[in-house]
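Heads up, the thing below is written out as structure tokens.
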Amino acid sequence: MKVLKIATAGSVDDGKSTLIGRILYDTKSLTDDKLEAIEEKSRQRGFDYLDFSLATDGLVAEREQGITIDVAHIYFSTPSKSFIIADTPGHIEYTRNMVTGASTAQASIVLIDARNGVVEQTYRHFFINNLLRIKDVVIAINKMDLVGFSEEKFNIIKGEIEYLASKSEYKNQNLTFIPVSALQGDNVVSPSENMPWYKGETLMHHLESLDTEDIQEISQTRFPVQTVIRPKTEEYHDFRGYAGKIYGGDFEIGDEVAVLPSQTKSKIKSINFFDKEYEIAKSGSSVTITLEDNVNVSRGDMLVKVSEEPTIAKQLDATICWMDKEPLLASQKYYIKHGVNDAQAKITQLNSIIKTDFSGVEENPSELVLNQIGDIQLKLSKPLLFDSYKKNKSNGSFILINPKTNNTVGVGFIK
Amino acid sequence: MWFAYLKDMIMNQRTIQVDALESEAIYIFREVVAQFEKPVLLFSGGKDSITLVRLAQKAFYPAKIPFPLMHIDTGHNFPETIEFRDRLTKELGVELIVRNVQDNIDNGTVKEETGRYASRNMLQTETLLDAIEEFGFDACIGGARRDEEKARAKERIFSVRDDFGQWDEKNQRPEVFDMLNGKIDLGQNVRVFPISNWTELDVWSYIKQEEIEIPSIYFAHKRKTFFRDGLIWSADDEVVYRDKEEEVVERMVRFRTVGDMSCTAAVLSDAVDIAKVVEEIRDSSISERGARIDDKRSEAAMEKRKQQGYF
């Protein structure tokens, strides 16, 4: 089954949870017992209609306040596809969760309240979609029922977003604008009778038509070694396999590879998956690889094809999204986790804060606070093996960990 | 997910494209072993933990699974599950640790519930936390899935717990791309969920595709049962409380989950093999946990249990 991972973003009360609930309801993905629970709760609270947000808001605090705090993952399928929707919070203080939800998504839905139009949060959400280079972005203009299903309103908002898109550096993004009413179901799964002026697809129809190919743009093959498998049994006395996941391209038996960072050359002897051997392994596969030569390989090393080497360096430039209450300060030390590799990192420069409304940057700031995005330079305790995020998403991203709290405090996109 | 395999077999038997969900789970298992000193797989004998065992085998083959399996036994398990557990671990040659809720009841650290809905399900938490401390486990791998329940939908893949096993749900670490931050303080431990992104149907399809053996109670069989609150219960008077007027009838049933007998209801079914089970799940209009009375205690039942250290 094809799986499409979708991130959602919207401001508070834009009706994101309602939209997702509506999708679940209209695709008949809510089981009878869940639907009964929603009916019961809606009645108890004296609502005139079914409150679909009750289907997704899973924490007590969320149901009490009627807002979404943390990323919820929602699963449903249609005959042609399986979907995983990350329901990400609209509250400004929870924006870090939006990055979490969107980092693995192939597509994204940005919700806009038709009455309010483009607001500060919209800029931010749109910016993050661009920063993460999400290929398909749907701008769902919601609550059309509250603006008299006005085509003019729709076009004003569409124009504003198109203007933003023209300023974005990421040009391969497909933008689709759909006017909806999540509450009443217009253009969500069924076409709207209230908006004859809209000739496009419904939201669901559009999502079903999207490509589910790997989020990874095709690039050079990267195989970061997670662990070395040495059975030490009589049957497999000399077996020494390198376990990891292939990113970006394929590997084939006989491929000449370089072991990084040592630069030792060897050839692929076998590709193993469980009790079978294969000649070719495709990108995205977790396999075990053995080499012709007895070379020294350990966790954090990387196998690549000879002549396809990534950058090997003890410093890097990156855009970082800060996700911790304690601000990032220049000269501070953190742990860096780049794929499966760890090192220590020191912020050598905090160059700028990037304004998420595409209006430019603030040069030489003193700190980067929660939810801000900025450009930094890092010095590393050992060489890392990386690509730019543009070239390879997994090998071009990293997280920073605060050594005092062990919390993940930032996510970086290598330039 | 089986489509990917089929396509591959037709295209080229010598090419491997591991299914995205399977590949992700294997990746997570390998991260656990690389990042933690003392991991353990929490094994209930249910289909999800059996699936985990197969994925762990695949992650480290041809080496053996490099961590023990641990079962927190409520003493109210289906006998079929226990028999299955012992056979599987013997075949795999892995260490099985069993810790009993009964011991905590006997030494007075927990109090057995009484009455109509009495269950030992909640009591497992104490026994689990004791075992984590006893062995010094720093990572407990479990088969929870995000599609099971609303609070679980918010769970991370690496979920940090404090000494009391508590889940601080409003302050979870962000998980971006597939980087897993397993750094913890002394006394903390991590709950790991490799099949977070699988659905119930994915699990069943995988069991079918891989021809994995599962306990017989998952298939339709004749059983003495009684009916209460719209659910069908196994009539085992020692474990499941039953009013005298609740009539015992033999019915053709199967179980969709195999939790504690006292809180796991059966469903009417004629699905006697795995193909029919997959079909039944696909057409089902009741959710998996709809037959778990422990979730029905209140809307926030699962979240509350998780905050207290429940799996």
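If you're wondering about the labels, chains in the structure tokens are A, B, ... by order shown, residues count from 1 in each chain, ligands from 1 in order shown.
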- Query: Got a sec: who's within 6 Å of segment 10-27 of chain B, counting only C-alpha atoms, leaving out chain neighbours fewer than 4 positions off, as a PyMOL selection string?
  - Reply: (chain A and resi 278-282+285-286) or (chain B and resi 59+194-195)
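Residues surrounding segment 175-185 of chain A within 8 Å are Gly15, Thr18, Leu19, Arg22, Asp136, Val137, Val138, Ile139, Ala140, Ile141, Asn142, Lys143, Met144, Asp145, Phe154, Lys158, Ser192, Tyr198, Gly200, Glu201, Thr202 and Leu203 of chain A [only C-alpha atoms; sequence separation below 6 positions excluded].
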Go ahead and save the residues from that selection, with C-alpha atoms, as a PDB file, in the first residue's frame.
```pdb
ATOM      1  CA  GLY A  15     -10.340  24.471  12.456  1.00  0.00           C
ATOM      2  CA  THR A  18     -12.252  19.825  12.728  1.00  0.00           C
ATOM      3  CA  LEU A  19     -10.944  19.415   9.187  1.00  0.00           C
ATOM      4  CA  ARG A  22     -14.317  15.799   8.858  1.00  0.00           C
ATOM      5  CA  ASP A 136       3.246  19.571  -2.302  1.00  0.00           C
ATOM      6  CA  VAL A 137       1.569  22.269  -0.242  1.00  0.00           C
ATOM      7  CA  VAL A 138      -2.199  22.704  -0.088  1.00  0.00           C
ATOM      8  CA  ILE A 139      -3.514  26.049   1.083  1.00  0.00           C
ATOM      9  CA  ALA A 140      -6.940  25.193   2.462  1.00  0.00           C
ATOM     10  CA  ILE A 141      -8.955  28.355   2.952  1.00  0.00           C
ATOM     11  CA  ASN A 142     -11.408  27.315   5.632  1.00  0.00           C
ATOM     12  CA  LYS A 143     -14.647  28.669   7.083  1.00  0.00           C
ATOM     13  CA  MET A 144     -15.811  29.788   3.641  1.00  0.00           C
ATOM     14  CA  ASP A 145     -19.357  29.417   5.007  1.00  0.00           C
ATOM     15  CA  PHE A 154     -10.598  33.469  -1.653  1.00  0.00           C
ATOM     16  CA  LYS A 158      -4.560  33.271  -2.794  1.00  0.00           C
ATOM     17  CA  SER A 192     -19.319  22.085  -2.682  1.00  0.00           C
ATOM     18  CA  TYR A 198     -14.495  26.875  -7.777  1.00  0.00           C
ATOM     19  CA  GLY A 200     -10.736  22.610  -8.861  1.00  0.00           C
ATOM     20  CA  GLU A 201     -10.548  19.288  -7.035  1.00  0.00           C
ATOM     21  CA  THR A 202     -11.805  18.579  -3.538  1.00  0.00           C
ATOM     22  CA  LEU A 203      -9.118  18.302  -0.863  1.00  0.00           C
TER      23      LEU A 203
END
```
- Message: When you look at Ala56 of chain B with a cut-off of 8 Å (counting only C-alpha atoms), what residues show up, excluding the ones that are within fewer than 3 positions of it in the same chain? I need them as JSON, numbers by chain.
- Response: {"B": [26, 29, 52, 53, 59, 60, 65]}
- So which residues touch segment 221-229 of chain B within 7 Å, counting only C-alpha atoms, skipping near sequence neighbours fewer than 6 positions away, as a PyMOL selection string? chain B and resi 235+246-254
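Around Ser388 of chain A, within 10 Å and counting only C-alpha atoms, the residues found are A:Pro310, A:Thr311, A:Leu316, A:Asp317, A:Ala318, A:Phe386, A:Lys390, A:Lys391, A:Asn392, A:Lys393, A:Ser394, A:Asn395, A:Gly396, A:Ser397, A:Phe413, A:Ile414, A:Lys415, once anything fewer than 2 positions away on its own chain is removed.
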- Counting only C-alpha atoms, which residues from chain A have an atom at most 6 Å from any atom of chain B, and could you show them as a ChimeraX atom specification? /A:1,31-33,58-59,71-73,100,103-104,231,274,278-282,285-286,339,406,408
